[in-house]
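The file start-v4.pdb contains PDB, C-alpha atoms and all ligand atoms:
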ATOM      1  CA  MET A  11     -33.234   5.399  -1.295
ATOM      2  CA  GLU A  12     -29.821   3.787  -1.305
ATOM      3  CA  MET A  13     -30.046  -0.016  -1.670
ATOM      4  CA  LYS A  14     -28.258  -2.331   0.756
ATOM      5  CA  MET A  15     -25.118  -3.936  -0.695
ATOM      6  CA  LYS A  16     -26.386  -7.499  -0.367
ATOM      7  CA  ASP A  17     -29.662  -6.552  -2.084
ATOM      8  CA  VAL A  18     -27.731  -4.949  -4.957
ATOM      9  CA  LEU A  19     -25.529  -8.033  -5.360
ATOM     10  CA  GLN A  20     -28.594 -10.258  -5.319
ATOM     11  CA  ALA A  21     -30.623  -8.095  -7.699
ATOM     12  CA  THR A  22     -27.780  -8.194 -10.237
ATOM     13  CA  SER A  23     -26.949 -11.906  -9.647
ATOM     14  CA  PHE A  24     -23.338 -10.882  -9.031
ATOM     15  CA  ARG A  25     -20.932 -13.791  -8.642
ATOM     16  CA  PHE A  26     -17.875 -13.229  -6.470
ATOM     17  CA  ASN A  27     -14.519 -13.849  -8.073
ATOM     18  CA  LYS A  28     -12.315 -15.188  -5.306
ATOM     19  CA  ALA A  29      -9.169 -14.936  -7.431
ATOM     20  CA  LEU A  30      -9.621 -11.153  -7.502
ATOM     21  CA  GLY A  31      -9.690 -10.884  -3.703
ATOM     22  CA  GLN A  32     -13.345  -9.845  -3.641
ATOM     23  CA  ASN A  33     -14.242  -9.372   0.017
ATOM     24  CA  PHE A  34     -16.584  -6.419   0.277
ATOM     25  CA  ILE A  35     -17.464  -4.089   3.158
ATOM     26  CA  SER A  36     -20.954  -2.822   3.849
ATOM     27  CA  ASP A  37     -20.755  -1.582   7.459
ATOM     28  CA  THR A  38     -21.365   2.162   7.281
ATOM     29  CA  ASN A  39     -19.460   2.954  10.479
ATOM     30  CA  LEU A  40     -16.379   1.125   9.223
ATOM     31  CA  LEU A  41     -16.591   2.753   5.776
ATOM     32  CA  LYS A  42     -16.887   6.197   7.365
ATOM     33  CA  GLY A  43     -14.047   5.315   9.736
ATOM     34  CA  ILE A  44     -11.719   4.496   6.838
ATOM     35  CA  VAL A  45     -12.558   7.833   5.224
ATOM     36  CA  THR A  46     -11.900   9.649   8.526
ATOM     37  CA  ASP A  47      -8.574   7.800   8.926
ATOM     38  CA  SER A  48      -7.532   8.930   5.441
ATOM     39  CA  GLY A  49      -7.935  12.577   6.431
ATOM     40  CA  ILE A  50      -9.463  13.489   3.060
ATOM     41  CA  THR A  51     -11.163  16.866   2.732
ATOM     42  CA  PRO A  52     -13.435  18.501   0.111
ATOM     43  CA  ASP A  53     -10.262  19.794  -1.598
ATOM     44  CA  ASP A  54      -8.876  16.327  -2.263
ATOM     45  CA  VAL A  55      -8.612  14.254  -5.404
ATOM     46  CA  VAL A  56      -8.797  10.597  -4.354
ATOM     47  CA  VAL A  57      -7.742   7.468  -6.196
ATOM     48  CA  GLU A  58      -9.438   4.270  -5.063
ATOM     49  CA  ILE A  59      -8.133   0.874  -6.119
ATOM     50  CA  GLY A  60     -10.750  -1.881  -6.272
ATOM     51  CA  THR A  61     -14.229  -0.359  -6.523
ATOM     52  CA  GLY A  62     -15.972  -3.633  -5.687
ATOM     53  CA  ALA A  63     -19.666  -2.959  -5.073
ATOM     54  CA  GLY A  64     -18.843   0.718  -4.562
ATOM     55  CA  THR A  65     -19.623   1.001  -0.865
ATOM     56  CA  LEU A  66     -16.316   2.662   0.078
ATOM     57  CA  THR A  67     -16.363   4.630  -3.186
ATOM     58  CA  ARG A  68     -19.668   6.234  -2.201
ATOM     59  CA  GLN A  69     -18.347   7.311   1.226
ATOM     60  CA  ILE A  70     -15.160   8.732  -0.298
ATOM     61  CA  ALA A  71     -17.158  10.636  -2.917
ATOM     62  CA  SER A  72     -19.353  12.163  -0.210
ATOM     63  CA  VAL A  73     -16.262  13.943   1.177
ATOM     64  CA  ALA A  74     -13.689  14.341  -1.630
ATOM     65  CA  LYS A  75     -13.676  16.816  -4.506
ATOM     66  CA  GLN A  76     -13.145  14.146  -7.159
ATOM     67  CA  VAL A  77     -12.785  10.353  -7.054
ATOM     68  CA  TYR A  78     -11.132   8.091  -9.639
ATOM     69  CA  SER A  79     -11.907   4.491  -8.776
ATOM     70  CA  PHE A  80     -10.040   1.684 -10.565
ATOM     71  CA  GLU A  81     -11.479  -1.812 -10.911
ATOM     72  CA  VAL A  82     -10.627  -4.797 -13.125
ATOM     73  CA  ASP A  83     -13.835  -6.834 -12.953
ATOM     74  CA  GLN A  84     -16.297  -5.637 -15.609
ATOM     75  CA  ASN A  85     -18.952  -7.968 -14.156
ATOM     76  CA  LEU A  86     -19.428  -5.219 -11.580
ATOM     77  CA  ILE A  87     -20.885  -2.789 -14.139
ATOM     78  CA  PRO A  88     -24.540  -3.752 -13.422
ATOM     79  CA  VAL A  89     -23.795  -3.501  -9.686
ATOM     80  CA  HIS A  90     -22.405   0.008 -10.137
ATOM     81  CA  GLU A  91     -25.493   1.016 -12.129
ATOM     82  CA  LEU A  92     -27.489   0.448  -8.964
ATOM     83  CA  SER A  93     -24.956   1.470  -6.319
ATOM     84  CA  LEU A  94     -23.105   4.392  -7.894
ATOM     85  CA  SER A  95     -25.472   6.092 -10.320
ATOM     86  CA  GLY A  96     -25.890   9.835  -9.925
ATOM     87  CA  ILE A  97     -22.572  10.488  -8.161
ATOM     88  CA  ASP A  98     -21.200  13.311 -10.269
ATOM     89  CA  ASN A  99     -17.696  13.633  -8.754
ATOM     90  CA  LEU A 100     -16.842  10.018  -9.564
ATOM     91  CA  GLN A 101     -15.250   8.236 -12.489
ATOM     92  CA  VAL A 102     -14.898   4.437 -12.441
ATOM     93  CA  ILE A 103     -12.094   3.190 -14.674
ATOM     94  CA  PHE A 104     -11.811  -0.472 -15.649
ATOM     95  CA  ARG A 105      -8.031  -0.632 -15.733
ATOM     96  CA  ASP A 106      -5.297  -2.277 -13.667
ATOM     97  CA  VAL A 107      -3.234   0.521 -12.110
ATOM     98  CA  LEU A 108      -0.304  -1.866 -11.716
ATOM     99  CA  LYS A 109      -0.115  -2.181 -15.499
ATOM    100  CA  MET A 110      -0.425   1.529 -16.289
ATOM    101  CA  LYS A 111       2.529   3.838 -16.959
ATOM    102  CA  ASP A 112       2.716   7.101 -15.000
ATOM    103  CA  ASP A 113       1.774   9.092 -18.128
ATOM    104  CA  GLU A 114      -1.358   7.028 -18.761
ATOM    105  CA  PHE A 115      -2.309   7.408 -15.119
ATOM    106  CA  LYS A 116      -1.805  11.181 -15.268
ATOM    107  CA  SER A 117      -3.926  11.432 -18.416
ATOM    108  CA  ILE A 118      -6.857  10.222 -16.297
ATOM    109  CA  VAL A 119      -6.149  11.588 -12.821
ATOM    110  CA  GLY A 120      -4.285  14.767 -13.810
ATOM    111  CA  GLU A 121      -0.907  16.153 -12.753
ATOM    112  CA  GLY A 122      -1.944  17.416  -9.323
ATOM    113  CA  GLU A 123      -1.713  15.897  -5.861
ATOM    114  CA  PHE A 124      -3.965  13.016  -4.873
ATOM    115  CA  LYS A 125      -4.570  10.586  -2.026
ATOM    116  CA  VAL A 126      -5.046   6.841  -2.341
ATOM    117  CA  VAL A 127      -7.793   5.169  -0.291
ATOM    118  CA  ALA A 128      -8.452   1.475  -0.822
ATOM    119  CA  ASN A 129      -9.680  -1.828   0.494
ATOM    120  CA  LEU A 130      -7.284  -3.872  -1.573
ATOM    121  CA  PRO A 131      -7.000  -7.426  -2.770
ATOM    122  CA  TYR A 132      -4.216  -8.569  -0.442
ATOM    123  CA  TYR A 133      -1.973 -10.115  -3.080
ATOM    124  CA  ILE A 134      -1.400  -6.680  -4.642
ATOM    125  CA  THR A 135      -0.636  -4.832  -1.373
ATOM    126  CA  THR A 136       3.149  -4.691  -1.707
ATOM    127  CA  PRO A 137       3.328  -4.072  -5.483
ATOM    128  CA  LEU A 138       0.673  -1.398  -5.147
ATOM    129  CA  ILE A 139       2.412   0.434  -2.295
ATOM    130  CA  MET A 140       5.714   0.297  -4.177
ATOM    131  CA  ARG A 141       4.061   1.347  -7.442
ATOM    132  CA  PHE A 142       2.998   4.626  -5.824
ATOM    133  CA  LEU A 143       5.957   5.215  -3.485
ATOM    134  CA  GLU A 144       8.574   4.720  -6.195
ATOM    135  CA  SER A 145       6.795   6.717  -8.886
ATOM    136  CA  GLU A 146       7.020  10.373  -9.807
ATOM    137  CA  LEU A 147       3.272  10.666  -9.210
ATOM    138  CA  ASN A 148       2.041  13.329  -6.770
ATOM    139  CA  VAL A 149       0.606  10.956  -4.173
ATOM    140  CA  THR A 150       0.514  12.498  -0.687
ATOM    141  CA  SER A 151      -0.866   9.564   1.317
ATOM    142  CA  LEU A 152      -2.120   6.007   1.027
ATOM    143  CA  THR A 153      -4.802   4.716   3.387
ATOM    144  CA  ILE A 154      -5.231   1.038   2.739
ATOM    145  CA  MET A 155      -6.802  -2.047   4.217
ATOM    146  CA  VAL A 156      -4.160  -4.730   4.555
ATOM    147  CA  GLN A 157      -3.814  -8.149   6.109
ATOM    148  CA  GLU A 158      -3.089  -7.539   9.799
ATOM    149  CA  GLU A 159       0.381  -9.096   9.741
ATOM    150  CA  VAL A 160       1.332  -7.013   6.699
ATOM    151  CA  GLY A 161       0.132  -3.954   8.602
ATOM    152  CA  ARG A 162       2.510  -4.783  11.445
ATOM    153  CA  ARG A 163       5.360  -5.116   8.944
ATOM    154  CA  LEU A 164       4.621  -1.755   7.382
ATOM    155  CA  VAL A 165       5.061   0.053  10.715
ATOM    156  CA  ALA A 166       7.592  -2.217  12.526
ATOM    157  CA  LYS A 167      10.547  -1.133  14.654
ATOM    158  CA  PRO A 168      14.130  -2.462  14.220
ATOM    159  CA  ASN A 169      15.040  -5.711  15.950
ATOM    160  CA  THR A 170      11.517  -7.113  15.794
ATOM    161  CA  ALA A 171      10.319 -10.090  13.740
ATOM    162  CA  ASP A 172       8.061  -7.790  11.710
ATOM    163  CA  TYR A 173      10.861  -5.405  10.666
ATOM    164  CA  SER A 174      11.393  -6.070   6.947
ATOM    165  CA  ALA A 175      12.497  -4.646   3.631
ATOM    166  CA  ILE A 176       8.985  -3.214   3.119
ATOM    167  CA  THR A 177       9.194  -1.383   6.493
ATOM    168  CA  LEU A 178      12.276   0.441   5.268
ATOM    169  CA  ALA A 179      10.818   0.975   1.792
ATOM    170  CA  VAL A 180       8.020   2.919   3.505
ATOM    171  CA  LEU A 181      10.406   4.779   5.840
ATOM    172  CA  LEU A 182      12.560   5.873   2.902
ATOM    173  CA  ARG A 183       9.629   7.860   1.546
ATOM    174  CA  GLY A 184       7.307   8.520   4.435
ATOM    175  CA  GLU A 185       5.809   7.245   7.639
ATOM    176  CA  GLY A 186       3.190   4.574   8.293
ATOM    177  CA  THR A 187       0.668   4.196  11.119
ATOM    178  CA  ILE A 188      -1.976   1.593  11.850
ATOM    179  CA  THR A 189      -5.206   3.532  12.266
ATOM    180  CA  ARG A 190      -7.508   0.618  13.119
ATOM    181  CA  LYS A 191      -7.810  -3.134  13.309
ATOM    182  CA  VAL A 192     -10.639  -4.796  11.419
ATOM    183  CA  GLY A 193     -11.947  -8.283  12.168
ATOM    184  CA  ARG A 194     -12.582 -10.737   9.334
ATOM    185  CA  ASN A 195     -16.337 -10.725  10.021
ATOM    186  CA  MET A 196     -16.583  -7.158   8.747
ATOM    187  CA  PHE A 197     -16.194  -8.480   5.190
ATOM    188  CA  TYR A 198     -18.595 -10.296   2.872
ATOM    189  CA  PRO A 199     -17.670 -13.009   2.232
ATOM    190  CA  ALA A 200     -15.380 -13.213   5.300
ATOM    191  CA  PRO A 201     -11.716 -13.897   4.431
ATOM    192  CA  ASN A 202      -9.665 -16.189   6.677
ATOM    193  CA  VAL A 203      -7.407 -13.434   8.039
ATOM    194  CA  ASP A 204      -7.936 -10.315  10.133
ATOM    195  CA  SER A 205      -7.096  -6.920   8.696
ATOM    196  CA  ALA A 206      -5.823  -3.491   9.636
ATOM    197  CA  VAL A 207      -6.059  -0.057   8.079
ATOM    198  CA  VAL A 208      -2.672   1.545   7.522
ATOM    199  CA  ARG A 209      -2.080   5.142   6.559
ATOM    200  CA  ILE A 210       1.222   6.023   4.894
ATOM    201  CA  ASP A 211       1.978   9.729   4.726
ATOM    202  CA  VAL A 212       4.311  10.345   1.825
ATOM    203  CA  ASP A 213       7.117  12.896   1.940
ATOM    204  CA  LYS A 214       8.779  12.967  -1.465
ATOM    205  CA  ASP A 215      11.497  15.305  -0.106
ATOM    206  CA  LYS A 216      12.478  12.908   2.645
ATOM    207  CA  LEU A 217      16.213  12.088   2.439
ATOM    208  CA  ALA A 218      16.600  14.495  -0.488
ATOM    209  CA  GLY A 219      20.168  14.312  -1.777
ATOM    210  CA  GLU A 220      20.656  10.749  -0.524
ATOM    211  CA  ASN A 221      21.128   7.847  -2.935
ATOM    212  CA  LYS A 222      17.811   6.105  -2.305
ATOM    213  CA  ALA A 223      18.417   3.455  -4.985
ATOM    214  CA  LEU A 224      21.623   2.439  -3.217
ATOM    215  CA  ILE A 225      19.939   2.477   0.215
ATOM    216  CA  HIS A 226      17.164   0.327  -1.219
ATOM    217  CA  LYS A 227      19.724  -2.124  -2.603
ATOM    218  CA  LEU A 228      21.454  -2.303   0.791
ATOM    219  CA  VAL A 229      18.123  -2.989   2.484
ATOM    220  CA  ARG A 230      17.197  -5.712   0.003
ATOM    221  CA  SER A 231      20.586  -7.305   0.443
ATOM    222  CA  ALA A 232      20.303  -7.164   4.252
ATOM    223  CA  PHE A 233      16.923  -8.906   4.306
ATOM    224  CA  LEU A 234      17.654 -11.442   1.589
ATOM    225  CA  MET A 235      18.850 -13.816   4.278
ATOM    226  CA  ARG A 236      17.749 -12.095   7.445
ATOM    227  CA  ARG A 237      19.383 -14.555   9.864
ATOM    228  CA  LYS A 238      22.815 -13.914   8.340
ATOM    229  CA  THR A 239      25.096 -11.119   9.396
ATOM    230  CA  LEU A 240      25.204  -8.044   7.228
ATOM    231  CA  VAL A 241      28.837  -8.783   6.366
ATOM    232  CA  ASN A 242      27.769 -12.096   4.825
ATOM    233  CA  ASN A 243      24.876 -10.519   2.925
ATOM    234  CA  LEU A 244      27.008  -7.643   1.605
ATOM    235  CA  ASN A 245      29.621 -10.182   0.591
ATOM    236  CA  ALA A 246      26.972 -12.115  -1.364
ATOM    237  CA  SER A 247      25.210  -9.239  -3.099
ATOM    238  CA  PHE A 248      27.814  -6.471  -3.468
ATOM    239  CA  GLY A 249      30.825  -8.627  -4.346
ATOM    240  CA  LEU A 250      32.787  -7.208  -1.401
ATOM    241  CA  SER A 251      35.228  -9.352   0.534
ATOM    242  CA  LYS A 252      34.162  -9.915   4.141
ATOM    243  CA  ALA A 253      37.026  -7.701   5.302
ATOM    244  CA  GLU A 254      35.895  -4.873   2.997
ATOM    245  CA  ALA A 255      32.296  -5.258   4.147
ATOM    246  CA  ALA A 256      33.355  -5.212   7.823
ATOM    247  CA  GLU A 257      35.436  -2.101   7.194
ATOM    248  CA  LYS A 258      32.425  -0.265   5.759
ATOM    249  CA  LEU A 259      30.229  -1.247   8.708
ATOM    250  CA  ILE A 260      32.805  -0.039  11.214
ATOM    251  CA  ALA A 261      33.293   3.219   9.288
ATOM    252  CA  ALA A 262      29.503   3.709   9.503
ATOM    253  CA  GLY A 263      29.676   3.283  13.302
ATOM    254  CA  LEU A 264      28.215  -0.244  13.280
ATOM    255  CA  ASP A 265      29.325  -3.518  14.815
ATOM    256  CA  GLU A 266      30.877  -5.855  12.230
ATOM    257  CA  ARG A 267      28.711  -8.747  13.488
ATOM    258  CA  VAL A 268      25.447  -6.838  13.141
ATOM    259  CA  ARG A 269      22.426  -8.201  11.269
ATOM    260  CA  GLY A 270      20.464  -6.043   8.853
ATOM    261  CA  GLU A 271      17.340  -6.312  10.991
ATOM    262  CA  ALA A 272      19.063  -4.273  13.740
ATOM    263  CA  LEU A 273      19.757  -1.221  11.560
ATOM    264  CA  SER A 274      17.539   1.842  11.667
ATOM    265  CA  LEU A 275      16.874   3.915   8.565
ATOM    266  CA  GLU A 276      19.573   6.329   9.746
ATOM    267  CA  ASP A 277      22.064   3.450  10.017
ATOM    268  CA  TYR A 278      21.304   2.457   6.412
ATOM    269  CA  VAL A 279      21.790   6.052   5.292
ATOM    270  CA  ASN A 280      25.156   6.217   7.096
ATOM    271  CA  LEU A 281      26.187   2.898   5.604
ATOM    272  CA  SER A 282      25.276   4.090   2.088
ATOM    273  CA  HIS A 283      27.831   6.911   2.515
ATOM    274  CA  GLN A 284      30.577   4.274   2.675
ATOM    275  CA  PHE A 285      29.845   3.080  -0.897
TER     276      PHE A 285
HETATM  277  N1  LIG B 301     -13.597  -1.414  -2.159
HETATM  278  C1  LIG B 301     -14.553  -2.481  -2.101
HETATM  279  C2  LIG B 301     -15.026  -2.684  -0.669
HETATM  280  O1  LIG B 301     -14.385  -2.139   0.226
HETATM  281  O2  LIG B 301     -16.021  -3.380  -0.451
HETATM  282  C3  LIG B 301     -13.994  -3.782  -2.696
HETATM  283  C4  LIG B 301     -12.842  -4.395  -1.971
HETATM  284  S1  LIG B 301     -12.292  -5.957  -2.579
HETATM  285  C5  LIG B 301     -11.235  -6.429  -1.219
HETATM  286  C6  LIG B 301     -11.063  -5.582  -3.805
HETATM  287  C7  LIG B 301     -11.565  -5.223  -5.217
HETATM  288  O3  LIG B 301     -10.417  -4.984  -6.048
HETATM  289  C8  LIG B 301     -12.367  -6.292  -5.935
HETATM  290  O4  LIG B 301     -13.551  -5.727  -6.409
HETATM  291  C9  LIG B 301     -11.471  -6.746  -7.101
HETATM  292  O5  LIG B 301     -12.206  -7.102  -8.256
HETATM  293  C10 LIG B 301     -10.642  -5.520  -7.350
HETATM  294  N2  LIG B 301      -9.315  -5.764  -7.943
HETATM  295  C11 LIG B 301      -8.582  -6.904  -7.954
HETATM  296  N3  LIG B 301      -7.398  -6.698  -8.573
HETATM  297  C12 LIG B 301      -7.385  -5.402  -8.951
HETATM  298  C13 LIG B 301      -6.438  -4.578  -9.625
HETATM  299  N4  LIG B 301      -5.271  -5.059 -10.043
HETATM  300  N5  LIG B 301      -6.766  -3.293  -9.847
HETATM  301  C14 LIG B 301      -7.950  -2.799  -9.438
HETATM  302  N6  LIG B 301      -8.873  -3.518  -8.784
HETATM  303  C15 LIG B 301      -8.607  -4.803  -8.556
END

Can I see the file as structure tokens?
Amino acid sequence: MEMKMKDVLQATSFRFNKALGQNFISDTNLLKGIVTDSGITPDDVVVEIGTGAGTLTRQIASVAKQVYSFEVDQNLIPVHELSLSGIDNLQVIFRDVLKMKDDEFKSIVGEGEFKVVANLPYYITTPLIMRFLESELNVTSLTIMVQEEVGRRLVAKPNTADYSAITLAVLLRGEGTITRKVGRNMFYPAPNVDSAVVRIDVDKDKLAGENKALIHKLVRSAFLMRRKTLVNNLNASFGLSKAEAAEKLIAAGLDERVRGEALSLEDYVNLSHQF
């Protein structure tokens, strides 16, 4: 019979490493819910980041074709011996995905399409999303547990406080949705923030033919000082005079006093055509 997570942690005298963002989930309904939200099927290869005690890993493996789960804390090996033994479509890899080149990653996971499903340490949320979105890897979606306020940023609309550079970084390559909110008490130990599950569906062909690097640079410039007008930000980061910057905004159909937080993705695309 499958052991309860807390019993496994106790039996192996596991000590939580707070610096690694170790807040584990054991609630079966929530774990199954995350897997449902991810939309994975028996045809899918899944990459999990942060195996932890392996509770989510086990649920993913019960649906997916093959699971590659990445973890950095080798102290979890005895835990996995109890929680993950006998799962034959699973490989746990003690490597930091953020430090691996695409080629190294492909040598483990293969060249084909895969989905990411993860309950992440929150300090790697943004680098991890960007690591996959900006790569040449065949990732088709990311379903990740994030801090609730980060979740709102990932799916925000223009002209709201949550609309940020990361919102547009997601929109440049796909579409994000919050699939569920998760209270802090669902974790062990409980963190001091609430969480949300976000699913990002990736469309590598989105905006094909557009200069995404330039659009990205415009977005970063616009949000560098978000209370300033776009003219001022373009002046600071593109070396344009204010008159030149205003001219480009007007040519793109925008008001010369506009702030970057008011521009939709389409507005940024139109503006990029003026450079
Ligand atoms: N997936 C498990 C769950 O849902 O219970 C564990 C989630 S816990 C929030 C995050 C896990 O990621 C921890 O086990 C931590 O050791 C691991 N971790 C931290 N940094 C990592 C990194 N750079 N790459 C892979 N795993 C990492």

### Task
Enumerate as a PyMOL selection string the residues within 8 Å of ligand LIG 301 (chain B), counting only C-alpha atoms and all ligand atoms.
chain A and resi 27+30-36+41+58-67+80-83+86+104-108+128-132+134+197

Residues from the last selection, C-alpha atoms, saved as a PDB file, in the coordinates of the input:
ATOM      1  CA  ASN A  27     -14.519 -13.849  -8.073  1.00  0.00           C
ATOM      2  CA  LEU A  30      -9.621 -11.153  -7.502  1.00  0.00           C
ATOM      3  CA  GLY A  31      -9.690 -10.884  -3.703  1.00  0.00           C
ATOM      4  CA  GLN A  32     -13.345  -9.845  -3.641  1.00  0.00           C
ATOM      5  CA  ASN A  33     -14.242  -9.372   0.017  1.00  0.00           C
ATOM      6  CA  PHE A  34     -16.584  -6.419   0.277  1.00  0.00           C
ATOM      7  CA  ILE A  35     -17.464  -4.089   3.158  1.00  0.00           C
ATOM      8  CA  SER A  36     -20.954  -2.822   3.849  1.00  0.00           C
ATOM      9  CA  LEU A  41     -16.591   2.753   5.776  1.00  0.00           C
ATOM     10  CA  GLU A  58      -9.438   4.270  -5.063  1.00  0.00           C
ATOM     11  CA  ILE A  59      -8.133   0.874  -6.119  1.00  0.00           C
ATOM     12  CA  GLY A  60     -10.750  -1.881  -6.272  1.00  0.00           C
ATOM     13  CA  THR A  61     -14.229  -0.359  -6.523  1.00  0.00           C
ATOM     14  CA  GLY A  62     -15.972  -3.633  -5.687  1.00  0.00           C
ATOM     15  CA  ALA A  63     -19.666  -2.959  -5.073  1.00  0.00           C
ATOM     16  CA  GLY A  64     -18.843   0.718  -4.562  1.00  0.00           C
ATOM     17  CA  THR A  65     -19.623   1.001  -0.865  1.00  0.00           C
ATOM     18  CA  LEU A  66     -16.316   2.662   0.078  1.00  0.00           C
ATOM     19  CA  THR A  67     -16.363   4.630  -3.186  1.00  0.00           C
ATOM     20  CA  PHE A  80     -10.040   1.684 -10.565  1.00  0.00           C
ATOM     21  CA  GLU A  81     -11.479  -1.812 -10.911  1.00  0.00           C
ATOM     22  CA  VAL A  82     -10.627  -4.797 -13.125  1.00  0.00           C
ATOM     23  CA  ASP A  83     -13.835  -6.834 -12.953  1.00  0.00           C
ATOM     24  CA  LEU A  86     -19.428  -5.219 -11.580  1.00  0.00           C
ATOM     25  CA  PHE A 104     -11.811  -0.472 -15.649  1.00  0.00           C
ATOM     26  CA  ARG A 105      -8.031  -0.632 -15.733  1.00  0.00           C
ATOM     27  CA  ASP A 106      -5.297  -2.277 -13.667  1.00  0.00           C
ATOM     28  CA  VAL A 107      -3.234   0.521 -12.110  1.00  0.00           C
ATOM     29  CA  LEU A 108      -0.304  -1.866 -11.716  1.00  0.00           C
ATOM     30  CA  ALA A 128      -8.452   1.475  -0.822  1.00  0.00           C
ATOM     31  CA  ASN A 129      -9.680  -1.828   0.494  1.00  0.00           C
ATOM     32  CA  LEU A 130      -7.284  -3.872  -1.573  1.00  0.00           C
ATOM     33  CA  PRO A 131      -7.000  -7.426  -2.770  1.00  0.00           C
ATOM     34  CA  TYR A 132      -4.216  -8.569  -0.442  1.00  0.00           C
ATOM     35  CA  ILE A 134      -1.400  -6.680  -4.642  1.00  0.00           C
ATOM     36  CA  PHE A 197     -16.194  -8.480   5.190  1.00  0.00           C
TER      37      PHE A 197
END

### Task
Identify which of the residues A:Ile50, A:Ala261, A:Ala246, A:Ala74 lies closest to A:Phe233, counting only C-alpha atoms when measuring atom-to-atom distances.
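Residue with the minimum atom-to-atom distance to A:Phe233: A:Ala246.
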
Report, as lines of an AutoDock Vina configuration file, the centre and edge lengths in Å (one decimal) of the axis-aligned box enclosing every listed atom of stretch 32-35 of chain A, padded by 4 Å on each side.
center_x = -15.4
center_y = -7.0
center_z = -0.2
size_x = 12.1
size_y = 13.8
size_z = 14.8

#### Entry: Residues within 12 Å of A:Ala171, all atoms listed in the file, excluding chain neighbours under 4 positions, as an MDAnalysis selection string
chainID A and resid 159:160 162:167 175 177 233 236:237 270:272

### Message
I'd like the residues picked by the PyMOL selection byres (((chain A and resi 153) around 12) and not hetatm) written out as a VMD selection string, using the chain letters and numbers from the file.
### Response
chain A and resid 43 to 50 56 to 59 70 124 to 130 135 138 to 139 149 to 152 154 to 156 161 185 to 190 206 to 212

### Query
In Å to one decimal, how far is atom CA of A:Pro52 from atom CA of A:Asp112?
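About the pair atom CA of A:Asp112 and atom CA of A:Pro52: they are 24.9 Å apart.
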
Evaluate the PyMOL selection byres (((chain A and resi 273) around 10) and not hetatm) on the structure here and hand back the selected residues as a compact mmCIF listing (two decimals) with C-alpha atoms, in the frame of the given file.
# COMPACT_ATOMS: atom_id res chain seq x y z
CA LYS A 167 10.55 -1.13 14.65
CA PRO A 168 14.13 -2.46 14.22
CA ASN A 169 15.04 -5.71 15.95
CA TYR A 173 10.86 -5.40 10.67
CA LEU A 178 12.28 0.44 5.27
CA VAL A 229 18.12 -2.99 2.48
CA ALA A 232 20.30 -7.16 4.25
CA LEU A 240 25.20 -8.04 7.23
CA LEU A 264 28.22 -0.24 13.28
CA VAL A 268 25.45 -6.84 13.14
CA ARG A 269 22.43 -8.20 11.27
CA GLY A 270 20.46 -6.04 8.85
CA GLU A 271 17.34 -6.31 10.99
CA ALA A 272 19.06 -4.27 13.74
CA SER A 274 17.54 1.84 11.67
CA LEU A 275 16.87 3.92 8.56
CA GLU A 276 19.57 6.33 9.75
CA ASP A 277 22.06 3.45 10.02
CA TYR A 278 21.30 2.46 6.41
CA VAL A 279 21.79 6.05 5.29
CA LEU A 281 26.19 2.90 5.60

#### Entry: Nearest residue to A:Glu158 from the set A:Thr170, A:Ser205, A:Gln84, A:Asn221 (distances using only C-alpha atoms)
A:Ser205

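From atom CA of A:Glu220 back to atom CA of A:His283, the distance works out to 8.7 Å.
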
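Among the candidates A:Glu144, A:Asp172, A:Asp213, A:Glu266, the one nearest to A:Val241 when counting only C-alpha atoms is A:Glu266.
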
### Task
Tell me, in Å to one decimal, how far atom CA of A:Glu12 is from atom CA of A:Val55.
24.0 Å

### Message
List as a list in words the protein and nucleic acid residues near A:Val203, meaning an atom at most 9 Å away when only C-alpha atoms are counted, but skip any in the same chain fewer than 3 places from it.
### Response
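What passes the distance filter is Gln157, Glu158, Gly193, Arg194 and Ala200 of chain A.
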
### Top pick for closest residue to A:Gly120, considering A:Val192, A:Val18, A:Leu181, A:Leu147 and counting all atoms listed in the file
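Ranked by minimum distance to A:Gly120, first place goes to A:Leu147.
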
### Message
Going by the chain IDs and residue numbers used in this file, which residues fall under the PyMOL selection byres (((chain A and resi 247) around 12) and not hetatm)? Write them as a ChimeraX atom specification.
### Response
/A:227-235,240-246,248-252,255

### Query
Of the candidates A:Asn39, A:Ser174, A:Asn85, A:Gln76, which shows the shortest atom-to-atom distance to A:Gln101, using all atoms listed in the file?
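The shortest atom-to-atom distance to A:Gln101 comes from A:Gln76.
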
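Distances here use only C-alpha atoms; by that measure, the residue among A:Val77, A:Ser72, A:Glu121, A:Pro88 closest to A:Ser23 is A:Pro88.
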